Number of protein chains: 4
Amino acid sequence: MNEVRLGIVGLGRLGKRHAHNLRYRVPGARLVAACSVVPDELTWARDELGVENTYDSYDKMIASDEIDAVFLVSTSSFHGEQIKAGLAAGKHVFSEKPMGVTIEECHDVEGAVAAAPNLHFQLGFVRRFDPSLAYAKQKIDEGAIGEPFLVRAQTVDTDEFAEFQIKFVPNSGGIFMDMNSHDIDLARWFIGSEIKSVYAIGGSYVHPGFAEVNDADNTVALCQFENGKMAVISASRTAFHGHDTHTEITGSKGILKIGMTPSKNRVEIFDDKGARVECVQDFYERFHEGFLLEAQSFVNGIIDGVKPSIFATDGTRATEVGFALTQSFKEKRVVEL
Amino acid sequence: MNEVRLGIVGLGRLGKRHAHNLRYRVPGARLVAACSVVPDELTWARDELGVENTYDSYDKMIASDEIDAVFLVSTSSFHGEQIKAGLAAGKHVFSEKPMGVTIEECHDVEGAVAAAPNLHFQLGFVRRFDPSLAYAKQKIDEGAIGEPFLVRAQTVDTDEFAEFQIKFVPNSGGIFMDMNSHDIDLARWFIGSEIKSVYAIGGSYVHPGFAEVNDADNTVALCQFENGKMAVISASRTAFHGHDTHTEITGSKGILKIGMTPSKNRVEIFDDKGARVECVQDFYERFHEGFLLEAQSFVNGIIDGVKPSIFATDGTRATEVGFALTQSFKEKRVVEL
Amino acid sequence: MNEVRLGIVGLGRLGKRHAHNLRYRVPGARLVAACSVVPDELTWARDELGVENTYDSYDKMIASDEIDAVFLVSTSSFHGEQIKAGLAAGKHVFSEKPMGVTIEECHDVEGAVAAAPNLHFQLGFVRRFDPSLAYAKQKIDEGAIGEPFLVRAQTVDTDEFAEFQIKFVPNSGGIFMDMNSHDIDLARWFIGSEIKSVYAIGGSYVHPGFAEVNDADNTVALCQFENGKMAVISASRTAFHGHDTHTEITGSKGILKIGMTPSKNRVEIFDDKGARVECVQDFYERFHEGFLLEAQSFVNGIIDGVKPSIFATDGTRATEVGFALTQSFKEKRVVEL
Amino acid sequence: MNEVRLGIVGLGRLGKRHAHNLRYRVPGARLVAACSVVPDELTWARDELGVENTYDSYDKMIASDEIDAVFLVSTSSFHGEQIKAGLAAGKHVFSEKPMGVTIEECHDVEGAVAAAPNLHFQLGFVRRFDPSLAYAKQKIDEGAIGEPFLVRAQTVDTDEFAEFQIKFVPNSGGIFMDMNSHDIDLARWFIGSEIKSVYAIGGSYVHPGFAEVNDADNTVALCQFENGKMAVISASRTAFHGHDTHTEITGSKGILKIGMTPSKNRVEIFDDKGARVECVQDFYERFHEGFLLEAQSFVNGIIDGVKPSIFATDGTRATEVGFALTQSFKEKRVVEL
């Protein structure tokens, strides 16, 4: 096998980008099918990408022999069922995070993955493929900072999405579920242990509407790992400079900081506002290379028969910790996992 | 009055620097006396600074009419008594932090300060005088970042002092008391409210000796204020790049970051190790301008009859929060103040 | 036409990268042929990229109806002849710089391009496609820095290639021809005028071998444009931190600086060597996105029938100025163009 | 001798700052006299600094036995005569640059200095005392960048002074004399050789008034040293971000860059204008520490009997090169020294 025939599911903003990558920029990938309940999205797939087969039903798509793998960029609440159905149909599965919206669902997915040892399952923890974060991991593995014991990870969105997000709290599960799953995954990845206790605080400092739905626009949380190590995980929906997702790993011999200033490019401007850089404005602008490398990794893994380095348990843990953070914030107490 | 006659107390490493500033670089200051139980320190004061009167007894010094003010750079455990005695003797008092090593002592000092309304009392929260931190405060007061709601403050020392510090834990009161009092003060200063609950974690990740005395070499703490706002306060004794004390203030319209890279000076080096700056190595190298401006502020305040902007309650609060952090760390729970 | 069938010429280090881009990452491109006099390179094209048709003769390749366009990454001295032959055979032509190794050859190419108005000719001034430099151009066109009047552009290679380069001086034409053609092009692009006088100095400060062949390892040149504006163009073959190609444009209202610290990625390292970033090590690491966008631009231009924004005269000017700089350096005088 | 009694000459903007330093911040200095033809300046010296003796005549001041040294911050055209008269009167002399406004005058001063071997003469090349530039020199002397062979030095003022400067061109001698003397001195200091040829270009790109008086608002110059090494020296009167005086030294093993971003302090601002720092606005804000250390060096030198490291010939060379640059600019040719 030297080519993977893929069917993409969901062609919203991020879905379109994944589809474009799979169509044009991932050697070994052949995007042959697209599935969406939005007719315009299927039209786009046909006209812009020349995708041959379009479906308004996921079940029909996975019943087809024309695809080897599905690539799920659907609504979060569908992920769990679609992963299980895809595997059951004998397809390799890539799914955007979250793996499931309840812990039971995550465990179900874990079971389905375990039951299909010959199929490739990969969860969209895209930051692990960001060239800078991946380089940091490599440096750490080489011993560059000794033993890592503290991770600080934050996800910060621009203020412009905030009012919109208030309406989605019932679906998103709130700020910790919506924004910190990548941070949780990075902390686990860099520390190499499981989080055993969390404490989270926050507030609606800019948009009172979040408080009205028992959520927050800015939060900070402390996590302690089973091995005693630490993570500080924070989220903000109210930045004005840009999307500011950065990560710091402190070790016994040094510190790595990744993306402290989320510069848009290599241009510095010196004018009456000082010496400045413009910043990336959303997660895709920041992680566009990661999305490409992630898809490449999925396709290469299938072709080469190499198991992915992200496991279903990683998805379960991210969800578990997200729930624990939410509970800690709401109950104002330390939550043990 | 256009000159303040000062007696310095304690001529260790920091005391010598304060003495040099008072002798040579603070207009309006006249350093006329020095007090120490170490004979060599008094010799140094006479020979290097030309200080006329030297004392081995604090009581004798404050009994003298030749001084208007005392400048305490003595051992922490003496501060409370020396402040009270100094005020009782009719002297203006500057004291290095902490104001007291127990909360009762802090309250006693508060009472003594209140009972001497015509005397000037200033506590050594030097970071408030650092040109960069002071500039940040001014920007915030001007509304540059809207309403501040999150402070992240850290004090990080180089690893070389760590083994030495282990022996001093019984005196220092541990990492939170020893290293975070300035961070606590900055958080209160920038947020403008009182801390009402804290949660701290940490560990002895590099030097197991700290664990043996029930202390830590790296810690992080979450603080929530009465008005719901937040602070993240951390400490490390194990840095290799330098003394890295930085502060971030997030507001509703922007963020200020102060000292993120603790560069030694304006020199960048491009060589086979990459593009780099060297860093300041200790708190004095970082805050030497603050120490000078702090002393100037004390002297100007006395001459001009302007009350200092740092109050005795600020000292009490820093100590209270330090104790709460220590308790939280030891008891592994959220502590309410 | 919605696909361009391409034949690549030359599969050395850079040729392989162009070929990989054309094969996998440029929508609209179809790499159908490869030409090289090195048998291993053709084997690589067949085995790694699945290129169907391979040629050891350029003439044979351009005689084929199976290609619409040639993509020249051959030895510099062949460019002129191959461009002319390609156009004469009715093929669109992309050529790496230089367009020609003599000014006559450049003029010949200009004539051939003018005689083929329906064919697309694009010269490899890749830096114009670098996202940061392109963004700078856009900002300037929008008036962000007022009227630009000074460009400082440098090309700096790591020392490791220096001894190797000494042997190639007879072919490369020396440091100004070899290293500054992109800088000259950028200066003309940003200033929008023609260089009318140059003065260059330099020396063999690290590798005496350059002096022995009447060349230099480090040079700086001043250029004045017909409209009186200025450029400072420099080159170095002796850097230890990395490949450091940066550009500054000063205008009447501000300055843009592009790539001042040639950081490898977004990772900062804080350790006993200070606070530092690692740097890109060669031009491809710095400009890999530009190479991709350049190829995309060529292919899109053919499909959409849009003329390229880089003209044959741009190639001629770069060569003319390169000769003038060389002459100025050798004759130690201002040279007028 | 453990104290130097000083008389300052000229109490304009810079003179006042020097006087304040000498009065309050330079151990060993005693500011006992001030000389000015502006009565208000003498009033200021008496009232603000408590200077005992004020003079409206330089001759009277140097006739007094009450001063050991003069500190000249007078109008440039008076420096040469005042230096000579001061030395003749047996006073140590510090003089702001330039040492003289003609080369003859410089040679006269050199002679006067040579004729007074027991007197201390120091010229105000303040940048040599800037902590960052001094640190760079020390690193170079320690071999950190191997053998230095290229210096790039620039002096850049904010646009607000430009229109004012046009009127002063007849006195200032034009942009090269007015703005580049420190850059010339730094280049000589770092390279350790004498400049033997220069070529300068420039224009009035923002303020046409400079062209009308045969001067420029932005210039760049190439200098070659007797030992073949190089300097690029530039000046601008039209910056909007701040006073931007930076220096780069390239050596055979690395590069030092000093002050590339002229940040006002350690505060970074992240807001809707991006991630930015504010910049220093004038030379004093940038070099205030250098001015203090320079004065300290002069006083220490006298007390300790240590000869200054800046010689009268340094002043002559700076003037000579300044003239050569001006000539090159006006005559549009390479000028040999």
# chains A, B, ... in the order shown; residues from 1 in each chain; ligands from 1

call {"tool": "interface_residues", "arguments": {"of": "chain B", "to": "chain C", "cutoff": "9 Å", "atoms": "only C-alpha atoms", "output": "list in words"}}
result
Ala239, Phe240, His241, Gly242, Thr261, Pro262, Ser263, Phe270, Asp271, Asp272, Lys273, Gly274, Ala275, Arg276, Val277, Glu278 and Cys279 of chain B

call {"tool": "write_last_selection", "arguments": {"atoms": "C-alpha atoms", "output": "mmCIF file, in the first residue's frame"}}
result
data_model
loop_
_atom_site.group_PDB
_atom_site.id
_atom_site.type_symbol
_atom_site.label_atom_id
_atom_site.label_comp_id
_atom_site.auth_asym_id
_atom_site.auth_seq_id
_atom_site.Cartn_x
_atom_site.Cartn_y
_atom_site.Cartn_z
ATOM 1 C CA ALA B 239 17.748 28.354 37.482
ATOM 2 C CA PHE B 240 20.884 28.115 35.375
ATOM 3 C CA HIS B 241 20.433 31.168 33.156
ATOM 4 C CA GLY B 242 20.265 33.728 35.928
ATOM 5 C CA THR B 261 14.104 37.837 29.491
ATOM 6 C CA PRO B 262 16.319 39.038 32.345
ATOM 7 C CA SER B 263 19.048 40.331 30.062
ATOM 8 C CA PHE B 270 25.561 35.612 17.835
ATOM 9 C CA ASP B 271 27.892 32.646 17.851
ATOM 10 C CA ASP B 272 27.929 28.881 17.638
ATOM 11 C CA LYS B 273 25.501 28.721 20.567
ATOM 12 C CA GLY B 274 22.877 30.666 18.618
ATOM 13 C CA ALA B 275 21.576 34.184 19.144
ATOM 14 C CA ARG B 276 21.601 34.926 22.829
ATOM 15 C CA VAL B 277 21.771 37.345 25.698
ATOM 16 C CA GLU B 278 23.458 36.825 29.005
ATOM 17 C CA CYS B 279 21.255 37.273 32.060
#

call {"tool": "select_by_dssp", "arguments": {"residues": "segment 151-291 of chain D", "states": "helix (DSSP H, G or I)", "output": "number ranges by chain"}}
result
D: 159-172, 175-179, 181-191, 208-212, 283-291

call {"tool": "residues_around", "arguments": {"residues": "Val51 of chain B", "least_positions_apart": "3", "cutoff": "6 Å", "atoms": "only C-alpha atoms", "output": "ChimeraX atom specification"}}
result
/B:32-33,45-46

call {"tool": "atom_distance", "arguments": {"atom1": "atom CA of Ile166 of chain C", "atom2": "atom CA of Ala324 of chain C"}}
result
20.8 Å

call {"tool": "select_by_dssp", "arguments": {"residues": "segment 161-240 of chain B", "states": "strand (DSSP E or B)", "output": "MDAnalysis selection string"}}
result
chainID B and resid 195:203 218:225 230:239

call {"tool": "residues_around", "arguments": {"residues": "Pro117 of chain D", "least_positions_apart": "6", "cutoff": "12 Å", "atoms": "only C-alpha atoms", "output": "list in words"}}
result
Leu87, Ala88, Gly90, Lys91, His92, Glu110, Gly111, Gly305, Val306, Lys307 and Pro308 of chain D

call {"tool": "residues_around", "arguments": {"residues": "segment 313-319 of chain D", "least_positions_apart": "4", "cutoff": "12 Å", "atoms": "only C-alpha atoms", "output": "PDB file with C-alpha atoms, in the first residue's frame"}}
result
ATOM      1  CA  HIS D  79      36.018  73.749  23.287  1.00  0.00           C
ATOM      2  CA  GLY D  80      39.459  74.076  21.738  1.00  0.00           C
ATOM      3  CA  SER D  95      35.585  68.349  27.516  1.00  0.00           C
ATOM      4  CA  GLU D  96      32.495  67.292  25.669  1.00  0.00           C
ATOM      5  CA  LYS D  97      33.191  66.441  22.049  1.00  0.00           C
ATOM      6  CA  PRO D  98      34.198  67.791  19.612  1.00  0.00           C
ATOM      7  CA  MET D  99      37.707  68.579  20.759  1.00  0.00           C
ATOM      8  CA  GLY D 100      37.955  71.228  18.071  1.00  0.00           C
ATOM      9  CA  VAL D 101      36.028  72.420  15.076  1.00  0.00           C
ATOM     10  CA  THR D 102      38.995  72.490  12.737  1.00  0.00           C
ATOM     11  CA  ILE D 103      41.848  70.084  12.360  1.00  0.00           C
ATOM     12  CA  GLU D 104      44.341  72.798  13.239  1.00  0.00           C
ATOM     13  CA  GLU D 105      42.515  73.413  16.460  1.00  0.00           C
ATOM     14  CA  CYS D 106      42.614  69.706  17.222  1.00  0.00           C
ATOM     15  CA  HIS D 107      46.342  69.673  16.637  1.00  0.00           C
ATOM     16  CA  ASP D 108      46.738  72.684  18.897  1.00  0.00           C
ATOM     17  CA  VAL D 109      44.870  70.873  21.634  1.00  0.00           C
ATOM     18  CA  GLU D 110      47.016  67.792  21.134  1.00  0.00           C
ATOM     19  CA  GLY D 111      50.052  69.970  21.640  1.00  0.00           C
ATOM     20  CA  ALA D 112      48.643  71.567  24.778  1.00  0.00           C
ATOM     21  CA  VAL D 113      47.801  68.172  26.228  1.00  0.00           C
ATOM     22  CA  ALA D 114      51.287  66.875  25.459  1.00  0.00           C
ATOM     23  CA  PHE D 121      42.600  65.448  29.854  1.00  0.00           C
ATOM     24  CA  GLN D 122      39.538  63.434  28.893  1.00  0.00           C
ATOM     25  CA  LEU D 123      37.226  63.843  25.921  1.00  0.00           C
ATOM     26  CA  GLY D 124      33.527  63.045  26.207  1.00  0.00           C
ATOM     27  CA  PHE D 125      33.274  59.881  24.140  1.00  0.00           C
ATOM     28  CA  GLY D 173      29.049  71.368  10.540  1.00  0.00           C
ATOM     29  CA  PHE D 176      28.455  63.802   9.715  1.00  0.00           C
ATOM     30  CA  MET D 177      30.158  66.222  12.113  1.00  0.00           C
ATOM     31  CA  ASP D 178      27.114  66.544  14.311  1.00  0.00           C
ATOM     32  CA  MET D 179      25.947  62.960  14.570  1.00  0.00           C
ATOM     33  CA  ASN D 180      28.719  60.516  13.661  1.00  0.00           C
ATOM     34  CA  SER D 181      31.658  61.458  15.870  1.00  0.00           C
ATOM     35  CA  HIS D 182      30.724  58.816  18.462  1.00  0.00           C
ATOM     36  CA  ASP D 183      30.234  56.212  15.731  1.00  0.00           C
ATOM     37  CA  ILE D 184      33.650  57.024  14.279  1.00  0.00           C
ATOM     38  CA  ASP D 185      35.189  56.740  17.728  1.00  0.00           C
ATOM     39  CA  LEU D 186      33.479  53.404  18.408  1.00  0.00           C
ATOM     40  CA  ALA D 187      34.592  51.998  15.070  1.00  0.00           C
ATOM     41  CA  ARG D 188      38.204  52.996  15.762  1.00  0.00           C
ATOM     42  CA  TRP D 189      37.960  51.628  19.311  1.00  0.00           C
ATOM     43  CA  GLY D 192      41.993  49.185  16.657  1.00  0.00           C
ATOM     44  CA  SER D 193      43.243  50.851  13.509  1.00  0.00           C
ATOM     45  CA  GLU D 194      42.905  54.173  11.684  1.00  0.00           C
ATOM     46  CA  ILE D 195      40.403  54.897   8.938  1.00  0.00           C
ATOM     47  CA  LYS D 196      42.182  55.497   5.665  1.00  0.00           C
ATOM     48  CA  PRO D 308      42.628  58.258  30.805  1.00  0.00           C
ATOM     49  CA  SER D 309      42.144  55.700  28.055  1.00  0.00           C
ATOM     50  CA  PHE D 323      35.454  66.187   7.614  1.00  0.00           C
ATOM     51  CA  ALA D 324      36.363  63.420   5.188  1.00  0.00           C
ATOM     52  CA  LEU D 325      32.824  62.034   5.292  1.00  0.00           C
ATOM     53  CA  THR D 326      31.380  65.478   4.666  1.00  0.00           C
ATOM     54  CA  LEU D 337      42.735  60.348   4.631  1.00  0.00           C
TER      55      LEU D 337
END

call {"tool": "atom_distance", "arguments": {"atom1": "atom CA of Cys35 of chain B", "atom2": "atom CA of Lys84 of chain B"}}
result
16.6 Å

call {"tool": "closest_residue", "arguments": {"among": "A:Gly10, A:Asp130, A:Asp59, A:Glu48", "to": "Phe291 of chain A", "atoms": "only C-alpha atoms"}}
result
A:Asp130

call {"tool": "atom_distance", "arguments": {"atom1": "atom CA of Ala153 of chain D", "atom2": "atom CA of Arg237 of chain C"}}
result
21.0 Å

call {"tool": "residues_around", "arguments": {"residues": "Glu3 of chain D", "least_positions_apart": "4", "cutoff": "12 Å", "atoms": "only C-alpha atoms", "output": "list in words"}}
result
Leu22, Val26, Pro27, Gly28, Ala29, Arg30, Leu31, Val32, Ile67, Asp68, Ala69, Gln296, Phe298, Val299, Asn300, Gly301, Ile302, Ile303 and Asp304 of chain D

call {"tool": "write_last_selection", "arguments": {"atoms": "N, CA, C and O atoms", "output": "CSV table (one decimal), in the first residue's frame"}}
result
chain,number,residue,atom,x,y,z
D,22,LEU,N,27.7,65.4,38.9
D,22,LEU,CA,28.9,65.7,39.6
D,22,LEU,C,28.6,66.2,41.0
D,22,LEU,O,29.3,65.9,42.0
D,26,VAL,N,28.7,61.3,42.0
D,26,VAL,CA,30.0,60.9,41.6
D,26,VAL,C,30.9,61.0,42.9
D,26,VAL,O,31.4,62.0,43.2
D,27,PRO,N,31.1,59.8,43.5
D,27,PRO,CA,32.0,59.9,44.7
D,27,PRO,C,33.4,60.4,44.3
D,27,PRO,O,33.9,60.0,43.3
D,28,GLY,N,33.9,61.3,45.2
D,28,GLY,CA,35.2,61.9,44.9
D,28,GLY,C,35.0,63.3,44.2
D,28,GLY,O,36.0,64.0,44.1
D,29,ALA,N,33.9,63.6,43.6
D,29,ALA,CA,33.7,64.8,42.9
D,29,ALA,C,33.1,65.9,43.9
D,29,ALA,O,32.3,65.5,44.7
D,30,ARG,N,33.6,67.1,43.8
D,30,ARG,CA,33.0,68.2,44.6
D,30,ARG,C,32.8,69.3,43.6
D,30,ARG,O,33.8,69.9,43.1
D,31,LEU,N,31.6,69.6,43.3
D,31,LEU,CA,31.2,70.6,42.3
D,31,LEU,C,31.2,72.0,43.0
D,31,LEU,O,30.3,72.3,43.8
D,32,VAL,N,32.3,72.8,42.8
D,32,VAL,CA,32.4,74.0,43.6
D,32,VAL,C,32.2,75.2,42.8
D,32,VAL,O,32.0,76.3,43.3
D,67,ILE,N,39.4,75.5,42.3
D,67,ILE,CA,39.1,74.3,41.5
D,67,ILE,C,40.3,73.6,41.0
D,67,ILE,O,41.4,74.2,40.8
D,68,ASP,N,40.2,72.3,40.9
D,68,ASP,CA,41.3,71.5,40.4
D,68,ASP,C,41.1,71.1,38.9
D,68,ASP,O,42.0,70.7,38.2
D,69,ALA,N,39.8,71.2,38.5
D,69,ALA,CA,39.5,70.6,37.2
D,69,ALA,C,38.3,71.4,36.6
D,69,ALA,O,37.4,71.9,37.4
D,296,GLN,N,32.6,59.7,36.5
D,296,GLN,CA,33.3,59.0,37.6
D,296,GLN,C,34.7,58.6,37.2
D,296,GLN,O,35.7,58.7,37.9
D,298,PHE,N,36.6,60.1,35.0
D,298,PHE,CA,37.5,61.3,35.0
D,298,PHE,C,38.0,61.6,36.4
D,298,PHE,O,39.2,61.8,36.7
D,299,VAL,N,37.0,61.6,37.4
D,299,VAL,CA,37.4,62.0,38.8
D,299,VAL,C,38.3,60.9,39.4
D,299,VAL,O,39.3,61.2,40.0
D,300,ASN,N,38.0,59.7,39.2
D,300,ASN,CA,38.8,58.6,39.7
D,300,ASN,C,40.2,58.7,39.1
D,300,ASN,O,41.2,58.5,39.8
D,301,GLY,N,40.3,59.0,37.8
D,301,GLY,CA,41.6,59.1,37.1
D,301,GLY,C,42.5,60.1,37.8
D,301,GLY,O,43.7,59.9,38.0
D,302,ILE,N,41.9,61.3,38.1
D,302,ILE,CA,42.6,62.3,38.7
D,302,ILE,C,43.1,61.9,40.1
D,302,ILE,O,44.3,62.0,40.5
D,303,ILE,N,42.2,61.3,40.9
D,303,ILE,CA,42.5,60.9,42.3
D,303,ILE,C,43.6,59.9,42.3
D,303,ILE,O,44.5,59.9,43.1
D,304,ASP,N,43.4,58.9,41.4
D,304,ASP,CA,44.3,57.7,41.4
D,304,ASP,C,45.5,58.0,40.6
D,304,ASP,O,46.4,57.1,40.6

call {"tool": "residues_around", "arguments": {"residues": "Val232 of chain B", "least_positions_apart": "5", "cutoff": "6 Å", "atoms": "only C-alpha atoms", "output": "PyMOL selection string"}}
result
chain B and resi 152+221-222

call {"tool": "write_last_selection", "arguments": {"atoms": "C-alpha atoms", "output": "PDB file, in the first residue's frame"}}
result
ATOM      1  CA  ARG B 152       1.697  36.322  37.301  1.00  0.00           C
ATOM      2  CA  ALA B 221       0.607  28.988  43.880  1.00  0.00           C
ATOM      3  CA  LEU B 222      -2.822  30.276  42.883  1.00  0.00           C
TER       4      LEU B 222
END

call {"tool": "closest_residue", "arguments": {"among": "D:Asn218, D:Ser74, D:Thr238, D:Thr247", "to": "Val267 of chain B", "atoms": "only C-alpha atoms"}}
result
D:Thr247

call {"tool": "closest_residue", "arguments": {"among": "B:Asn265, B:Ser252, B:Asn214, B:Asn21", "to": "Gln281 of chain B", "atoms": "only C-alpha atoms"}}
result
B:Asn265
